[in-house]
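Just protein_17.tsv here, TSV, C-alpha atoms:
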```
chain	number	residue	atom	x	y	z
V	1	MET	CA	-10.12	21.86	-41.85
V	2	LEU	CA	-12.61	19.01	-42.11
V	3	LYS	CA	-12.38	16.49	-39.26
V	4	ILE	CA	-14.18	13.15	-39.34
V	5	LYS	CA	-14.56	10.92	-36.29
V	6	PHE	CA	-16.05	7.42	-36.58
V	7	LEU	CA	-14.80	5.92	-33.29
V	8	GLY	CA	-17.20	6.53	-30.43
V	9	LYS	CA	-19.87	9.12	-31.14
V	10	VAL	CA	-19.74	9.91	-34.86
V	11	MET	CA	-18.74	13.53	-35.42
V	12	ILE	CA	-18.16	15.56	-38.60
V	13	GLU	CA	-16.70	19.03	-38.04
V	14	GLN	CA	-15.62	21.74	-40.46
V	15	GLU	CA	-13.74	24.75	-39.15
V	16	ASN	CA	-14.67	23.57	-35.61
V	17	LEU	CA	-18.40	23.62	-36.38
V	18	SER	CA	-20.39	20.35	-36.29
V	19	ILE	CA	-22.22	19.41	-39.47
V	20	THR	CA	-23.07	15.89	-38.29
V	21	GLU	CA	-26.80	16.55	-37.98
V	22	ASN	CA	-26.97	17.84	-41.55
V	23	LEU	CA	-26.18	14.40	-42.96
V	24	GLY	CA	-28.45	11.78	-41.43
V	25	ALA	CA	-27.77	8.12	-40.67
V	26	LYS	CA	-27.59	6.75	-44.23
V	27	ALA	CA	-25.35	9.60	-45.42
V	28	LEU	CA	-22.98	8.90	-42.51
V	29	ALA	CA	-23.00	5.20	-43.36
V	30	LEU	CA	-22.26	6.05	-47.00
V	31	LEU	CA	-19.42	8.33	-45.90
V	32	SER	CA	-17.97	5.56	-43.72
V	33	LEU	CA	-17.89	3.16	-46.70
V	34	LEU	CA	-16.12	5.68	-48.93
V	35	ILE	CA	-13.58	6.41	-46.17
V	36	LEU	CA	-12.91	2.70	-45.61
V	37	TYR	CA	-12.30	2.17	-49.34
V	38	TYR	CA	-10.15	5.31	-49.65
V	39	PRO	CA	-8.30	6.00	-51.93
V	40	LYS	CA	-10.12	3.49	-54.15
V	41	SER	CA	-13.44	4.14	-55.85
V	42	MET	CA	-16.63	2.23	-55.05
V	43	GLN	CA	-19.12	1.13	-57.66
V	44	ARG	CA	-22.57	2.68	-57.28
V	45	ASP	CA	-24.19	-0.76	-57.48
V	46	LYS	CA	-22.06	-1.97	-54.56
V	47	LEU	CA	-23.02	1.02	-52.41
V	48	ILE	CA	-26.70	0.40	-53.11
V	49	THR	CA	-26.27	-3.28	-52.17
V	50	TYR	CA	-24.76	-2.22	-48.82
V	51	LEU	CA	-27.27	0.45	-47.83
V	52	TRP	CA	-30.51	-0.09	-49.79
V	53	PRO	CA	-30.60	-3.83	-50.47
V	54	ASP	CA	-34.41	-4.10	-50.42
V	55	SER	CA	-35.09	-1.09	-52.63
V	56	SER	CA	-36.05	-1.27	-56.28
V	57	GLU	CA	-33.34	-0.40	-58.79
V	58	GLU	CA	-34.80	3.06	-59.42
V	59	SER	CA	-35.36	3.77	-55.72
V	60	GLY	CA	-31.85	2.58	-54.80
V	61	LYS	CA	-30.24	4.83	-57.41
V	62	TYR	CA	-32.28	7.81	-56.22
V	63	ASN	CA	-31.37	7.22	-52.56
V	64	LEU	CA	-27.68	7.01	-53.46
V	65	ARG	CA	-27.78	10.21	-55.58
V	66	PHE	CA	-29.60	12.08	-52.83
V	67	ASN	CA	-27.15	11.07	-50.09
V	68	LEU	CA	-24.10	11.79	-52.26
V	69	TRP	CA	-25.54	15.25	-52.91
V	70	LYS	CA	-26.23	15.72	-49.20
V	71	ILE	CA	-22.59	14.94	-48.32
V	72	ASN	CA	-21.13	17.21	-51.02
V	73	SER	CA	-23.51	20.07	-50.20
V	74	SER	CA	-22.91	19.81	-46.42
V	75	ILE	CA	-19.10	19.66	-46.68
V	76	GLU	CA	-17.67	22.87	-48.10
V	77	LYS	CA	-14.95	22.98	-50.72
V	78	ASP	CA	-11.41	23.17	-49.34
V	79	GLN	CA	-9.17	26.25	-49.67
V	80	ASN	CA	-8.06	25.06	-53.10
V	81	GLY	CA	-11.65	24.80	-54.37
V	82	ASN	CA	-11.76	20.97	-54.28
V	83	LYS	CA	-15.06	19.21	-53.66
V	84	PHE	CA	-14.97	16.49	-51.00
V	85	LEU	CA	-16.45	13.76	-53.22
V	86	TYR	CA	-15.71	12.74	-56.74
V	87	VAL	CA	-18.98	11.43	-58.24
V	88	GLY	CA	-18.75	9.59	-61.54
V	89	ARG	CA	-21.33	7.92	-63.72
V	90	ASN	CA	-20.67	4.42	-62.30
V	91	ASP	CA	-18.49	5.03	-59.26
V	92	CYS	CA	-17.58	7.53	-56.57
V	93	ARG	CA	-14.79	8.15	-54.06
V	94	ILE	CA	-13.21	10.65	-51.69
V	95	ASN	CA	-11.32	13.31	-53.63
V	96	GLN	CA	-7.62	12.56	-53.03
V	97	ASN	CA	-6.76	16.27	-53.35
V	98	TYR	CA	-9.13	17.28	-50.56
V	99	LYS	CA	-7.37	18.00	-47.24
V	100	TYR	CA	-9.05	16.44	-44.18
V	101	GLU	CA	-8.39	14.36	-41.08
V	102	CYS	CA	-10.08	11.09	-40.11
V	103	ASP	CA	-9.48	9.04	-36.97
V	104	ILE	CA	-9.76	5.59	-38.57
V	105	LEU	CA	-7.35	6.53	-41.38
V	106	ASN	CA	-4.85	7.74	-38.77
V	107	ILE	CA	-5.12	4.41	-36.98
V	108	LYS	CA	-4.65	2.36	-40.14
V	109	LYS	CA	-1.48	4.26	-41.00
V	110	LYS	CA	0.12	3.18	-37.73
V	111	VAL	CA	1.41	-0.23	-36.63
V	112	PRO	CA	1.50	-0.62	-32.81
V	113	HIS	CA	4.72	-2.66	-32.60
V	114	GLN	CA	6.55	0.01	-34.63
V	115	MET	CA	5.61	2.76	-32.17
V	116	VAL	CA	8.55	3.33	-29.88
V	117	SER	CA	7.47	6.38	-27.92
V	118	ILE	CA	4.96	6.45	-25.10
V	119	SER	CA	3.53	9.76	-26.36
V	120	GLU	CA	2.75	8.24	-29.77
V	121	LEU	CA	1.09	5.22	-28.19
V	122	GLU	CA	-0.90	7.38	-25.79
V	123	ASN	CA	-2.11	9.47	-28.72
V	124	MET	CA	-3.36	6.35	-30.49
V	125	ARG	CA	-4.94	5.17	-27.26
V	126	SER	CA	-6.91	8.42	-26.99
V	127	ILE	CA	-8.14	8.07	-30.58
V	128	LEU	CA	-9.29	4.49	-30.00
V	129	ASN	CA	-11.95	5.60	-27.57
V	130	GLY	CA	-15.22	3.91	-28.47
V	131	ASP	CA	-16.61	1.52	-31.09
V	132	PHE	CA	-16.64	2.13	-34.82
V	133	MET	CA	-20.01	3.70	-35.82
V	134	GLU	CA	-21.10	3.47	-32.18
V	135	GLY	CA	-24.85	3.02	-31.79
V	136	PHE	CA	-25.49	2.46	-35.51
V	137	TYR	CA	-27.45	-0.50	-36.85
V	138	PHE	CA	-29.40	-0.58	-40.12
V	139	LYS	CA	-32.39	-2.87	-40.56
V	140	ASN	CA	-32.05	-5.38	-43.42
V	141	CYS	CA	-28.55	-4.06	-44.29
V	142	ASP	CA	-26.86	-7.31	-43.26
V	143	GLU	CA	-23.70	-6.85	-45.31
V	144	TYR	CA	-23.10	-3.36	-43.97
V	145	ASN	CA	-23.85	-4.43	-40.37
V	146	GLU	CA	-21.35	-7.29	-40.71
V	147	MET	CA	-18.80	-4.79	-41.97
V	148	ILE	CA	-19.42	-2.64	-38.87
V	149	ILE	CA	-18.76	-5.64	-36.60
V	150	SER	CA	-15.59	-6.54	-38.52
V	151	GLU	CA	-14.27	-2.99	-38.23
V	152	ARG	CA	-15.08	-2.84	-34.52
V	153	ASN	CA	-13.09	-6.03	-33.98
V	154	TYR	CA	-10.16	-4.61	-35.94
V	155	TYR	CA	-9.93	-1.40	-33.88
V	156	GLU	CA	-10.42	-3.29	-30.63
V	157	ASN	CA	-7.50	-5.56	-31.54
V	158	GLN	CA	-5.39	-2.49	-32.37
V	159	LYS	CA	-6.23	-0.99	-28.98
V	160	ILE	CA	-5.30	-4.25	-27.22
V	161	LYS	CA	-1.88	-4.21	-28.94
V	162	ILE	CA	-1.33	-0.57	-28.00
V	163	LEU	CA	-2.33	-1.10	-24.37
V	164	PHE	CA	-0.07	-4.14	-24.05
V	165	ARG	CA	2.86	-2.17	-25.47
V	166	LEU	CA	2.19	0.68	-23.05
V	167	ILE	CA	2.12	-1.72	-20.12
V	168	GLU	CA	5.53	-3.06	-21.15
V	169	LEU	CA	7.03	0.43	-21.49
V	170	TYR	CA	5.58	1.72	-18.21
V	171	GLN	CA	6.80	-1.43	-16.48
V	172	LYS	CA	10.34	-0.74	-17.72
V	173	GLN	CA	10.04	2.77	-16.31
V	174	ARG	CA	8.71	1.26	-13.07
V	175	ASN	CA	5.70	3.56	-13.38
V	176	PHE	CA	3.39	1.11	-11.62
V	177	PHE	CA	0.59	3.63	-11.13
V	178	LEU	CA	0.06	4.02	-14.89
V	179	CYS	CA	0.66	0.31	-15.39
V	180	GLU	CA	-2.23	-0.57	-13.10
V	181	LYS	CA	-4.45	2.08	-14.69
V	182	ILE	CA	-3.92	0.68	-18.19
V	183	ILE	CA	-4.23	-2.89	-16.94
V	184	LYS	CA	-7.78	-2.15	-15.74
V	185	GLU	CA	-8.64	-0.81	-19.18
V	186	PHE	CA	-7.06	-3.85	-20.84
V	187	MET	CA	-8.98	-6.33	-18.70
V	188	VAL	CA	-12.29	-4.80	-19.81
V	189	LEU	CA	-11.36	-5.66	-23.40
V	190	GLU	CA	-9.68	-9.01	-22.69
V	191	PRO	CA	-11.03	-10.35	-19.38
V	192	TYR	CA	-9.69	-13.90	-19.97
V	193	ASP	CA	-6.24	-13.13	-21.43
V	194	GLU	CA	-3.79	-15.31	-19.48
V	195	GLU	CA	-0.70	-13.58	-20.91
V	196	ILE	CA	-1.78	-10.23	-19.52
V	197	ALA	CA	-2.91	-11.88	-16.27
V	198	LEU	CA	0.65	-13.18	-15.80
V	199	LYS	CA	1.99	-9.71	-16.62
V	200	ILE	CA	-0.32	-8.19	-13.98
V	201	MET	CA	0.96	-10.58	-11.33
V	202	GLU	CA	4.56	-9.76	-12.26
V	203	ILE	CA	3.87	-6.02	-12.03
V	204	TYR	CA	2.23	-6.38	-8.63
V	205	GLU	CA	5.22	-8.44	-7.48
V	206	GLU	CA	7.73	-5.85	-8.73
V	207	ASN	CA	5.72	-3.15	-6.98
V	208	GLY	CA	5.92	-5.04	-3.69
V	209	LYS	CA	2.21	-5.94	-3.75
V	210	ARG	CA	2.46	-9.70	-3.36
V	211	SER	CA	-0.93	-9.96	-1.63
V	212	SER	CA	-2.56	-7.99	-4.49
V	213	ALA	CA	-1.06	-10.44	-6.99
V	214	ILE	CA	-2.41	-13.41	-5.04
V	215	LEU	CA	-5.87	-11.82	-4.73
V	216	PHE	CA	-5.89	-11.02	-8.46
V	217	TYR	CA	-5.05	-14.65	-9.30
V	218	LYS	CA	-7.90	-15.98	-7.16
V	219	GLU	CA	-10.39	-13.60	-8.79
V	220	PHE	CA	-9.05	-14.43	-12.27
V	221	GLN	CA	-9.23	-18.18	-11.55
V	222	LYS	CA	-12.84	-17.84	-10.39
V	223	LYS	CA	-13.72	-15.86	-13.52
V	224	LEU	CA	-12.21	-18.53	-15.79
V	225	MET	CA	-14.03	-21.33	-13.99
V	226	ILE	CA	-17.43	-19.61	-13.96
V	227	SER	CA	-17.35	-18.19	-17.50
V	228	LEU	CA	-15.25	-20.71	-19.44
V	229	GLY	CA	-15.13	-23.79	-17.23
V	230	ILE	CA	-11.32	-23.97	-17.38
V	231	GLN	CA	-8.39	-23.67	-14.99
V	232	PRO	CA	-5.59	-21.09	-15.36
V	233	SER	CA	-2.49	-22.09	-17.31
V	234	ARG	CA	0.47	-23.87	-15.77
V	235	GLU	CA	2.55	-20.66	-15.86
V	236	LEU	CA	-0.12	-18.73	-13.96
V	237	LYS	CA	-0.47	-21.44	-11.34
V	238	GLN	CA	3.27	-21.63	-10.83
V	239	LYS	CA	3.45	-17.87	-10.41
V	240	TYR	CA	0.61	-18.03	-7.87
V	241	PHE	CA	2.20	-20.80	-5.82
V	242	SER	CA	5.57	-19.06	-6.03
V	243	LEU	CA	4.07	-15.85	-4.63
V	244	LYS	CA	2.06	-17.71	-2.02
V	245	ASN	CA	5.04	-19.65	-0.78
V	246	MET	CA	7.41	-16.70	-0.94
V	247	GLY	CA	6.04	-15.11	2.20
V	248	GLU	CA	6.13	-18.37	4.11
V	249	ALA	CA	9.62	-19.22	2.90
V	250	LYS	CA	11.18	-15.86	3.71
V	251	ASN	CA	10.08	-16.24	7.32
V	252	SER	CA	11.98	-19.51	7.57
V	253	PRO	CA	15.70	-19.99	8.31
V	254	GLN	CA	15.64	-22.66	5.62
V	255	TYR	CA	15.11	-19.92	3.02
V	256	ILE	CA	18.61	-18.61	3.75
V	257	MET	CA	20.00	-22.12	3.52
V	258	ASN	CA	18.34	-22.57	0.15
V	259	LEU	CA	19.86	-19.34	-1.17
V	260	GLN	CA	23.29	-20.46	0.00
V	261	GLU	CA	22.86	-23.77	-1.79
V	262	LYS	CA	21.95	-21.98	-5.01
V	263	LYS	CA	25.04	-19.79	-4.75
V	264	ARG	CA	27.16	-22.92	-4.40
V	265	GLY	CA	25.57	-24.28	-7.57
V	266	TYR	CA	23.16	-26.84	-6.13
V	267	GLY	CA	19.86	-27.09	-7.98
V	268	ARG	CA	18.29	-24.75	-10.50
V	269	GLU	CA	18.09	-21.00	-9.97
V	270	ASN	CA	14.45	-20.84	-10.97
V	271	LYS	CA	13.12	-23.41	-8.52
V	272	VAL	CA	10.36	-22.40	-6.14
V	273	TYR	CA	11.12	-22.92	-2.44
V	274	LEU	CA	8.56	-25.00	-0.54
V	275	GLU	CA	8.54	-25.83	3.15
V	276	LEU	CA	6.17	-28.53	4.43
V	277	SER	CA	5.25	-29.88	7.87
V	278	THR	CA	4.42	-33.56	8.33
V	279	THR	CA	3.95	-36.04	11.15
V	280	CYS	CA	4.22	-39.78	11.75
V	281	ILE	CA	2.21	-42.53	13.43
V	282	SER	CA	4.03	-45.85	13.52
V	283	LYS	CA	0.99	-48.16	13.68
V	284	LEU	CA	-0.73	-46.63	10.64
V	285	LYS	CA	0.72	-47.84	7.36
V	286	TYR	CA	1.32	-45.12	4.76
V	287	TYR	CA	0.57	-42.38	7.32
V	288	TRP	CA	3.63	-40.21	6.69
V	289	ILE	CA	3.15	-40.35	2.89
V	290	SER	CA	-0.48	-39.32	3.35
V	291	SER	CA	0.59	-36.49	5.68
V	292	PHE	CA	3.12	-35.32	3.10
V	293	LEU	CA	0.56	-35.32	0.27
V	294	GLU	CA	-1.94	-33.42	2.42
V	295	SER	CA	0.62	-30.72	3.29
V	296	LEU	CA	1.77	-30.53	-0.33
V	297	GLY	CA	-1.80	-30.15	-1.59
V	298	ASP	CA	-2.09	-26.81	0.22
V	299	LYS	CA	0.88	-25.47	-1.78
V	300	ILE	CA	0.66	-26.73	-5.36
V	301	ASP	CA	-1.72	-27.92	-8.05
V	302	PHE	CA	-1.16	-31.66	-8.47
V	303	GLY	CA	-2.68	-31.65	-11.96
V	304	PHE	CA	0.57	-30.82	-13.74
V	305	TYR	CA	2.66	-33.42	-11.93
V	306	ILE	CA	0.66	-36.62	-11.71
V	307	SER	CA	-1.03	-38.87	-14.27
V	308	GLU	CA	-4.52	-40.24	-13.82
V	309	ILE	CA	-3.12	-43.73	-13.24
V	310	GLU	CA	-0.72	-42.48	-10.55
V	311	LYS	CA	-3.51	-40.45	-8.98
V	312	ARG	CA	-5.66	-43.57	-8.86
V	313	ASP	CA	-2.85	-45.56	-7.20
V	314	LEU	CA	-2.15	-42.87	-4.60
V	315	GLY	CA	-5.89	-42.50	-4.09
V	316	PHE	CA	-5.74	-45.77	-2.16
V	317	ILE	CA	-3.94	-43.94	0.68
V	318	PHE	CA	-4.90	-40.28	-0.01
V	319	SER	CA	-8.63	-39.54	-0.01
V	320	PRO	CA	-8.60	-36.39	-2.26
V	321	PHE	CA	-7.42	-38.62	-5.13
V	322	GLN	CA	-10.05	-41.30	-4.56
V	323	LYS	CA	-12.79	-41.80	-7.14
V	324	GLU	CA	-16.30	-42.62	-6.03
V	325	GLY	CA	-17.06	-46.33	-6.22
V	326	PHE	CA	-13.41	-47.34	-6.65
V	327	SER	CA	-12.44	-50.12	-4.23
V	328	GLU	CA	-9.50	-51.93	-5.88
V	329	GLN	CA	-6.67	-53.04	-3.60
V	330	ILE	CA	-3.53	-51.32	-4.89
V	331	PRO	CA	-0.22	-53.21	-4.48
V	332	ASP	CA	2.45	-51.47	-2.43
V	333	VAL	CA	4.86	-51.42	-5.37
V	334	ARG	CA	2.44	-49.26	-7.40
V	335	ILE	CA	1.92	-46.86	-4.50
V	336	ALA	CA	5.68	-46.52	-4.03
V	337	SER	CA	6.25	-46.04	-7.78
V	338	ALA	CA	3.54	-43.37	-8.08
V	339	PHE	CA	4.90	-41.48	-5.08
V	340	LEU	CA	8.50	-41.50	-6.33
V	341	HIS	CA	7.43	-40.45	-9.84
V	342	LEU	CA	5.50	-37.54	-8.33
V	343	LEU	CA	8.53	-36.36	-6.35
V	344	ALA	CA	10.79	-36.66	-9.41
V	345	LYS	CA	8.48	-34.39	-11.42
V	346	LEU	CA	8.15	-31.91	-8.57
V	347	LYS	CA	11.94	-31.71	-8.25
V	348	ILE	CA	12.11	-30.00	-11.65
V	349	ASP	CA	10.18	-26.94	-10.42
V	350	TYR	CA	10.47	-27.01	-6.63
V	351	SER	CA	13.04	-27.24	-3.86
V	352	ILE	CA	10.98	-29.02	-1.19
V	353	HIS	CA	12.06	-28.95	2.47
V	354	VAL	CA	10.07	-31.24	4.78
V	355	HIS	CA	9.82	-31.00	8.56
V	356	ILE	CA	9.02	-34.44	10.01
V	357	GLU	CA	7.53	-34.51	13.49
V	358	ASN	CA	7.94	-37.77	15.44
V	359	TYR	CA	10.38	-39.10	12.87
V	360	GLU	CA	11.13	-42.11	15.08
V	361	ASP	CA	7.45	-43.14	14.86
V	362	MET	CA	7.36	-43.27	11.06
V	363	ASP	CA	5.55	-46.33	9.69
V	364	PHE	CA	7.72	-49.02	8.09
V	365	PHE	CA	6.46	-48.49	4.52
V	366	SER	CA	7.11	-44.73	4.60
V	367	SER	CA	10.46	-45.24	6.29
V	368	SER	CA	11.55	-47.57	3.48
V	369	LEU	CA	10.60	-44.97	0.87
V	370	ILE	CA	12.40	-42.17	2.73
V	371	LYS	CA	15.70	-44.02	2.18
V	372	ILE	CA	15.14	-44.01	-1.59
V	373	VAL	CA	14.02	-40.37	-1.48
V	374	ASN	CA	17.28	-39.43	0.27
V	375	GLN	CA	19.39	-41.44	-2.15
V	376	ARG	CA	17.82	-39.68	-5.14
V	377	LYS	CA	17.85	-36.28	-3.38
V	378	LEU	CA	14.17	-35.71	-4.14
V	379	LEU	CA	13.47	-33.85	-0.87
V	380	TYR	CA	15.35	-32.02	1.90
V	381	ILE	CA	14.44	-33.75	5.17
V	382	LEU	CA	14.40	-31.51	8.26
V	383	LEU	CA	14.12	-33.30	11.58
```

The structure given in the file should be rewritten as structure tokens.
Amino acid sequence: MLKIKFLGKVMIEQENLSITENLGAKALALLSLLILYYPKSMQRDKLITYLWPDSSEESGKYNLRFNLWKINSSIEKDQNGNKFLYVGRNDCRINQNYKYECDILNIKKKVPHQMVSISELENMRSILNGDFMEGFYFKNCDEYNEMIISERNYYENQKIKILFRLIELYQKQRNFFLCEKIIKEFMVLEPYDEEIALKIMEIYEENGKRSSAILFYKEFQKKLMISLGIQPSRELKQKYFSLKNMGEAKNSPQYIMNLQEKKRGYGRENKVYLELSTTCISKLKYYWISSFLESLGDKIDFGFYISEIEKRDLGFIFSPFQKEGFSEQIPDVRIASAFLHLLAKLKIDYSIHVHIENYEDMDFFSSSLIKIVNQRKLLYILL
């Protein structure tokens, strides 16, 4: 049987013998066009426009006739006596009665989300091994070269869908070894895909590799910043801080207390546990608030929880928020409002437990705010 392979190194085999070298580059390009249009016919003029755009009319027609002959003479008739190509006066096409196999036609018959078996997906994955018409480029054939690029993008997208589906299925089977293997292949194709990055962190977490998940996030964050100049998504950051804080929290007796509270119905089940350490100095106004913000900054990304105006107001007492050249005196009421708004937003995602060292030495301003914080149950205070 005739077998045609266009993905990766182009290969034409008949009865297990290669006839690729008999055809030449333009004949292979012509064959690829006829396969892509199968089962439809292609007009001769259109084929000439694709492959011999700079030739004269007579030269273009001759080149097309010669390469059509080369294909039909190189590919033997099938067992029923059918020629591979139908060649008409104005058009030509692959003979629909000719029996053959072609990798790109097999791919186009399949839809990744309809594949339910791992074996079927793995088979498609093995076929999608390499670019369409790999290594081919034809000078001055702009339309054909653009078609090559378009087809390469199509098959790459199909492979991405197949790999993602395989990751999901292997994750359900808890086959983390194959999950990680496919993930590496996926990241070569989609190095900045945040959905798959989140999936990778979840798989590492399920596999008990929390430190690997944290390391992956840091490398992914660096890649996004260097290549695209952006930060990871909110979901990725929350997953990172959740994993980072998990180890710290589980070593604390307060973690058990938090679980007990959840069982009794206090708070949301999906909150992330945070435990902070702060200190007080009575003679320094705002000191405890500043200590709290400093400790919190090591655990979360403030960007999702504070507006630029609130950041400016808190910047008066917390240097990481300060803008160069800004020297406005901020009223206490705005500092208090910004701080309470920040805690209210954090409460949605986090259960924050705060150790306060030297509580009796807390400055008056911070002490006044603590009363409001307790009333609104924005933090758990641990003395």

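As for atom CA of Ile127 of chain V and atom CA of Asp103 of chain V, they are spaced 6.6 Å apart.
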
Near-segment 169-180 of chain V list (8 Å; only C-alpha atoms; drop same-chain fewer than 3 positions) as a short mmCIF file (atom, residue, chain, number, x, y, z; two decimals) with C-alpha atoms, in the coordinates of the input:
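To be explicit, this is the file written out as out-v7.cif:
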```cif
data_model
loop_
_atom_site.label_atom_id
_atom_site.label_comp_id
_atom_site.auth_asym_id
_atom_site.auth_seq_id
_atom_site.Cartn_x
_atom_site.Cartn_y
_atom_site.Cartn_z
CA ILE V 118 4.96 6.45 -25.10
CA ARG V 165 2.86 -2.17 -25.47
CA LEU V 166 2.19 0.68 -23.05
CA ILE V 183 -4.23 -2.89 -16.94
CA LYS V 184 -7.78 -2.15 -15.74
CA ILE V 200 -0.32 -8.19 -13.98
CA ILE V 203 3.87 -6.02 -12.03
CA ASN V 207 5.72 -3.15 -6.98
#
```

**OP:** Name the residues in contact with segment 76-78 of chain V at a cut-off of 7 Å, using only C-alpha atoms, excluding same-chain residues fewer than 5 positions from it; report them as a ChimeraX atom specification.
**Re:** /V:83-84,98-99

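Closest approach to Glu134 of chain V from the set V:Ile214, V:Leu340, V:Leu7, V:Leu36 is made by V:Leu7, with distances taken over all atoms listed in the file.
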
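Using all atoms listed in the file, the residues found no farther than 12 Å from Ile148 of chain V, other than those of its own chain fewer than 5 positions away, are V:Phe6, V:Leu7, V:Ala29, V:Ser32, V:Leu33, V:Leu36, V:Tyr50, V:Asp131, V:Phe132, V:Met133, V:Glu134, V:Gly135, V:Phe136, V:Tyr137, V:Phe138, V:Cys141, V:Asp142, V:Glu143, V:Asn153, V:Tyr154, V:Tyr155.
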
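If you look at atom CA of Asp349 of chain V and atom CA of Glu190 of chain V, they are 29.4 Å away from each other.
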
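Straight-line separation from atom CA of Met124 of chain V to atom CA of Lys159 of chain V: 8.0 Å.
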
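The nearest approach to Trp288 of chain V among the residues V:Arg125, V:Arg93, V:Lys139, V:His355, with only C-alpha atoms taken into account, belongs to V:His355.
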